[in-house]
Amino acid sequence: MSLEGAKAAPASRYTEPRKITDAQSLRALAHPVRMALVEALTMGGAMTATQVGEQIGESPTTCSFHLRQLAKYGFVEEAGGGKGRARPWRMTSIGFSLTGASGDPESELASNLVLQVARERQLARYRTWVETKSSYPREWRTASEDSEYLYYLTADELKQLVSEVSAILLPRFRERLADPSNRPAEAVPVELLLFAYPISHPLAGKQPASNTGKSNGAES
């Protein structure tokens, strides 16, 4: 994906990642084209429907429609200048925190759909990397990482571990996403995925507590 000529809003516009909890906003994001638009605008800065369409392989008409839908729910906004399909669009925030409203099955389902769309795209890029990494310069092959770590943790310990790792990763190089002018000339987009999840159900094999009281039947 070419980032030449990309312009983004000043870094001061962006604060913490937007927290999305309502089902409507989550469903609006759960679409492959919209996810591709979000990725392209996040990395490349403000672009018109035509420009972003060239990057993601979609027509300007398709991109224009989905950009308007994203704008409806506050994900993108007009960057100023231009009219119609010549008007540039930009992200309103860098990054999202997807959390279905507690106790609301509809928003939890919508959140899972967004994650499914996002992870399918991310894992497709990972497969492409595995298949093509032999063509990359040696310094990139040796700098990359592909590891798995296995721990025995309680739920509280897992939450603490994720919090600590996120605190390290979240602020690093964030200004380079917000403003392409901060990127070194040799920098390219690098995707780092963090999955942390139990692989054994905590209730598996556990039986309900037995009834220690007397039955209603006759005693022997």
# chains A, B, ... in the order shown; residues from 1 in each chain; ligands from 1

call {"tool": "residues_around", "arguments": {"residues": "range 123-137 of chain A", "least_positions_apart": "3", "cutoff": "10 Å", "atoms": "only C-alpha atoms", "output": "PDB file with C-alpha atoms, in the first residue's frame"}}
result
ATOM      1  CA  ALA A 118     -10.988  -7.512  11.373  1.00  0.00           C
ATOM      2  CA  ARG A 119      -9.249 -10.756  12.308  1.00  0.00           C
ATOM      3  CA  GLU A 120      -9.995 -12.373   8.947  1.00  0.00           C
ATOM      4  CA  TRP A 140      13.204  -7.486   7.874  1.00  0.00           C
ATOM      5  CA  ARG A 141      13.116 -11.275   8.081  1.00  0.00           C
ATOM      6  CA  THR A 142      15.321 -11.291  11.179  1.00  0.00           C
ATOM      7  CA  SER A 144      10.093 -10.056  12.522  1.00  0.00           C
ATOM      8  CA  ASP A 146       6.437 -15.334  15.315  1.00  0.00           C
ATOM      9  CA  GLU A 191       1.190  -5.213  12.229  1.00  0.00           C
ATOM     10  CA  LEU A 192       1.561  -6.660  15.732  1.00  0.00           C
ATOM     11  CA  LEU A 193      -1.308  -8.891  16.883  1.00  0.00           C
TER      12      LEU A 193
END

call {"tool": "select_by_dssp", "arguments": {"residues": "range 37-106 of chain A", "states": "helix (DSSP H, G or I)", "output": "NGL selection string"}}
result
:A and (37-44 or 49-56 or 60-72 or 84-86 or 105-106)

call {"tool": "select_by_dssp", "arguments": {"residues": "range 62-197 of chain A", "states": "strand (DSSP E)", "output": "list in words"}}
result
Val76, Glu77, Glu78, Trp89, Arg90, Met91, Phe96, Ser97 and Leu98 of chain A

call {"tool": "residues_around", "arguments": {"residues": "range 59-75 of chain A", "least_positions_apart": "2", "cutoff": "10 Å", "atoms": "only C-alpha atoms", "output": "MDAnalysis selection string"}}
result
chainID A and resid 18 24:26 28:29 31 33:38 48:54 56:57 77:78 84:87 89:94 96

call {"tool": "write_last_selection", "arguments": {"atoms": "C-alpha atoms", "output": "PDB file, in the first residue's frame"}}
result
ATOM      1  CA  ARG A  18     -12.641   5.466  20.599  1.00  0.00           C
ATOM      2  CA  GLN A  24     -25.699   0.207  15.692  1.00  0.00           C
ATOM      3  CA  SER A  25     -22.194   1.684  15.527  1.00  0.00           C
ATOM      4  CA  LEU A  26     -20.641  -1.753  15.827  1.00  0.00           C
ATOM      5  CA  ALA A  28     -21.875  -0.156  10.840  1.00  0.00           C
ATOM      6  CA  LEU A  29     -18.214  -1.131  11.151  1.00  0.00           C
ATOM      7  CA  HIS A  31     -18.283  -4.763   6.769  1.00  0.00           C
ATOM      8  CA  VAL A  33     -15.141  -2.630   2.620  1.00  0.00           C
ATOM      9  CA  ARG A  34     -15.622  -0.308   5.576  1.00  0.00           C
ATOM     10  CA  MET A  35     -12.902  -2.086   7.498  1.00  0.00           C
ATOM     11  CA  ALA A  36     -10.603  -1.687   4.482  1.00  0.00           C
ATOM     12  CA  LEU A  37     -11.459   2.025   4.327  1.00  0.00           C
ATOM     13  CA  VAL A  38     -10.696   2.461   8.027  1.00  0.00           C
ATOM     14  CA  THR A  48     -10.812  11.103  -1.486  1.00  0.00           C
ATOM     15  CA  ALA A  49     -13.126   8.239  -2.408  1.00  0.00           C
ATOM     16  CA  THR A  50     -11.191   7.862  -5.659  1.00  0.00           C
ATOM     17  CA  GLN A  51      -7.784   7.800  -3.980  1.00  0.00           C
ATOM     18  CA  VAL A  52      -8.751   5.327  -1.274  1.00  0.00           C
ATOM     19  CA  GLY A  53     -10.602   3.216  -3.821  1.00  0.00           C
ATOM     20  CA  GLU A  54      -7.390   2.798  -5.816  1.00  0.00           C
ATOM     21  CA  ILE A  56      -8.294  -1.015  -1.609  1.00  0.00           C
ATOM     22  CA  GLY A  57      -9.436  -2.093  -5.086  1.00  0.00           C
ATOM     23  CA  GLU A  77     -15.304  13.041   8.697  1.00  0.00           C
ATOM     24  CA  GLU A  78     -14.666  15.419   5.805  1.00  0.00           C
ATOM     25  CA  GLY A  84     -18.481  15.322  -4.242  1.00  0.00           C
ATOM     26  CA  ARG A  85     -16.079  12.423  -4.736  1.00  0.00           C
ATOM     27  CA  ALA A  86     -13.185  14.902  -4.794  1.00  0.00           C
ATOM     28  CA  ARG A  87     -13.648  15.757  -1.114  1.00  0.00           C
ATOM     29  CA  TRP A  89     -12.081  12.064   4.205  1.00  0.00           C
ATOM     30  CA  ARG A  90     -10.127  11.382   7.388  1.00  0.00           C
ATOM     31  CA  MET A  91     -10.470   9.314  10.534  1.00  0.00           C
ATOM     32  CA  THR A  92     -11.982  10.947  13.615  1.00  0.00           C
ATOM     33  CA  SER A  93      -9.881   8.773  15.944  1.00  0.00           C
ATOM     34  CA  ILE A  94      -6.938   6.409  15.738  1.00  0.00           C
ATOM     35  CA  PHE A  96     -10.995   1.467  18.522  1.00  0.00           C
TER      36      PHE A  96
END

call {"tool": "atom_distance", "arguments": {"atom1": "CA of Ser111 in chain A", "atom2": "CA of Ala46 in chain A"}}
result
26.2 Å

call {"tool": "closest_residue", "arguments": {"among": "A:Asn112, A:Tyr197, A:Val117, A:Gly44", "to": "Leu161 in chain A", "atoms": "only C-alpha atoms"}}
result
A:Tyr197

call {"tool": "residues_around", "arguments": {"residues": "Arg176 in chain A", "least_positions_apart": "6", "cutoff": "9 Å", "atoms": "only C-alpha atoms", "output": "number ranges by chain"}}
result
A: 11, 43, 182-184

call {"tool": "write_last_selection", "arguments": {"atoms": "C-alpha atoms", "output": "PDB file, in the first residue's frame"}}
result
ATOM      1  CA  ALA A  11      -1.616  14.396  16.042  1.00  0.00           C
ATOM      2  CA  MET A  43      -2.330   4.432   7.614  1.00  0.00           C
ATOM      3  CA  ASN A 182       6.703  11.728  11.525  1.00  0.00           C
ATOM      4  CA  ARG A 183       7.531   8.455   9.764  1.00  0.00           C
ATOM      5  CA  PRO A 184      11.177   7.705   8.916  1.00  0.00           C
TER       6      PRO A 184
END

call {"tool": "closest_residue", "arguments": {"among": "A:Glu58, A:Glu148, A:Asp22, A:Asp156", "to": "Ala110 in chain A", "atoms": "only C-alpha atoms"}}
result
A:Asp22

call {"tool": "decode", "arguments": {"residues": "range 50-150 of chain A", "atoms": "C-alpha atoms", "output": "compact mmCIF listing (two decimals), in the first residue's frame"}}
result
# COMPACT_ATOMS: atom_id res chain seq x y z
CA THR A 50 -11.19 7.86 -5.66
CA GLN A 51 -7.78 7.80 -3.98
CA VAL A 52 -8.75 5.33 -1.27
CA GLY A 53 -10.60 3.22 -3.82
CA GLU A 54 -7.39 2.80 -5.82
CA GLN A 55 -5.66 1.51 -2.69
CA ILE A 56 -8.29 -1.02 -1.61
CA GLY A 57 -9.44 -2.09 -5.09
CA GLU A 58 -12.97 -0.67 -4.95
CA SER A 59 -14.77 1.81 -7.18
CA PRO A 60 -15.12 5.48 -6.15
CA THR A 61 -18.91 5.00 -6.06
CA THR A 62 -18.64 2.09 -3.63
CA CYS A 63 -16.14 3.92 -1.44
CA SER A 64 -18.20 7.09 -1.42
CA PHE A 65 -21.26 5.18 -0.20
CA HIS A 66 -19.39 3.39 2.58
CA LEU A 67 -17.52 6.54 3.63
CA ARG A 68 -20.87 8.29 4.11
CA GLN A 69 -22.07 5.37 6.22
CA LEU A 70 -18.92 5.52 8.34
CA ALA A 71 -19.40 9.28 8.73
CA LYS A 72 -22.99 8.72 9.85
CA TYR A 73 -21.68 6.85 12.88
CA GLY A 74 -18.75 9.16 13.55
CA PHE A 75 -15.88 7.02 12.30
CA VAL A 76 -14.76 9.40 9.54
CA GLU A 77 -15.30 13.04 8.70
CA GLU A 78 -14.67 15.42 5.81
CA ALA A 79 -11.14 16.78 5.93
CA GLY A 80 -12.06 20.02 4.15
CA GLY A 81 -11.71 21.05 0.54
CA GLY A 82 -13.12 19.46 -2.58
CA LYS A 83 -16.66 18.56 -3.52
CA GLY A 84 -18.48 15.32 -4.24
CA ARG A 85 -16.08 12.42 -4.74
CA ALA A 86 -13.18 14.90 -4.79
CA ARG A 87 -13.65 15.76 -1.11
CA PRO A 88 -11.09 14.13 1.17
CA TRP A 89 -12.08 12.06 4.20
CA ARG A 90 -10.13 11.38 7.39
CA MET A 91 -10.47 9.31 10.53
CA THR A 92 -11.98 10.95 13.62
CA SER A 93 -9.88 8.77 15.94
CA ILE A 94 -6.94 6.41 15.74
CA GLY A 95 -7.88 2.94 16.93
CA PHE A 96 -10.99 1.47 18.52
CA SER A 97 -11.92 -0.31 21.70
CA LEU A 98 -14.73 -2.73 20.90
CA THR A 99 -16.80 -3.59 23.94
CA GLY A 100 -20.36 -4.79 23.68
CA ALA A 101 -22.58 -3.20 26.30
CA SER A 102 -22.63 -5.43 29.36
CA GLY A 103 -25.71 -7.61 29.45
CA ASP A 104 -26.77 -6.59 25.93
CA PRO A 105 -26.63 -9.67 23.67
CA GLU A 106 -27.20 -7.55 20.54
CA SER A 107 -24.18 -5.33 21.08
CA GLU A 108 -22.03 -8.28 22.15
CA LEU A 109 -22.94 -10.10 18.94
CA ALA A 110 -22.20 -6.99 16.87
CA SER A 111 -18.84 -6.61 18.61
CA ASN A 112 -17.97 -10.20 17.75
CA LEU A 113 -18.88 -9.59 14.10
CA VAL A 114 -16.53 -6.60 13.92
CA LEU A 115 -13.73 -8.66 15.44
CA GLN A 116 -14.40 -11.48 12.99
CA VAL A 117 -14.13 -9.14 9.99
CA ALA A 118 -10.99 -7.51 11.37
CA ARG A 119 -9.25 -10.76 12.31
CA GLU A 120 -10.00 -12.37 8.95
CA ARG A 121 -8.28 -9.45 7.22
CA GLN A 122 -5.36 -9.49 9.66
CA LEU A 123 -4.79 -13.23 9.42
CA ALA A 124 -4.97 -13.01 5.62
CA ARG A 125 -2.13 -10.49 5.78
CA TYR A 126 -0.22 -12.83 8.10
CA ARG A 127 -0.60 -15.70 5.63
CA THR A 128 0.66 -13.43 2.86
CA TRP A 129 3.69 -12.56 4.99
CA VAL A 130 4.48 -16.23 5.65
CA GLU A 131 4.15 -17.05 1.95
CA THR A 132 6.25 -14.12 0.72
CA LYS A 133 8.74 -13.34 3.50
CA SER A 134 11.58 -15.04 1.61
CA SER A 135 11.41 -12.11 -0.82
CA TYR A 136 11.98 -9.54 1.96
CA PRO A 137 15.44 -8.16 2.79
CA ARG A 138 17.27 -10.13 5.46
CA GLU A 139 17.01 -7.35 8.06
CA TRP A 140 13.20 -7.49 7.87
CA ARG A 141 13.12 -11.28 8.08
CA THR A 142 15.32 -11.29 11.18
CA ALA A 143 13.49 -8.37 12.80
CA SER A 144 10.09 -10.06 12.52
CA GLU A 145 8.72 -12.30 15.25
CA ASP A 146 6.44 -15.33 15.31
CA SER A 147 6.13 -16.78 18.81
CA GLU A 148 3.66 -18.39 21.17
CA TYR A 149 3.70 -18.20 24.96
CA LEU A 150 1.73 -20.50 27.24
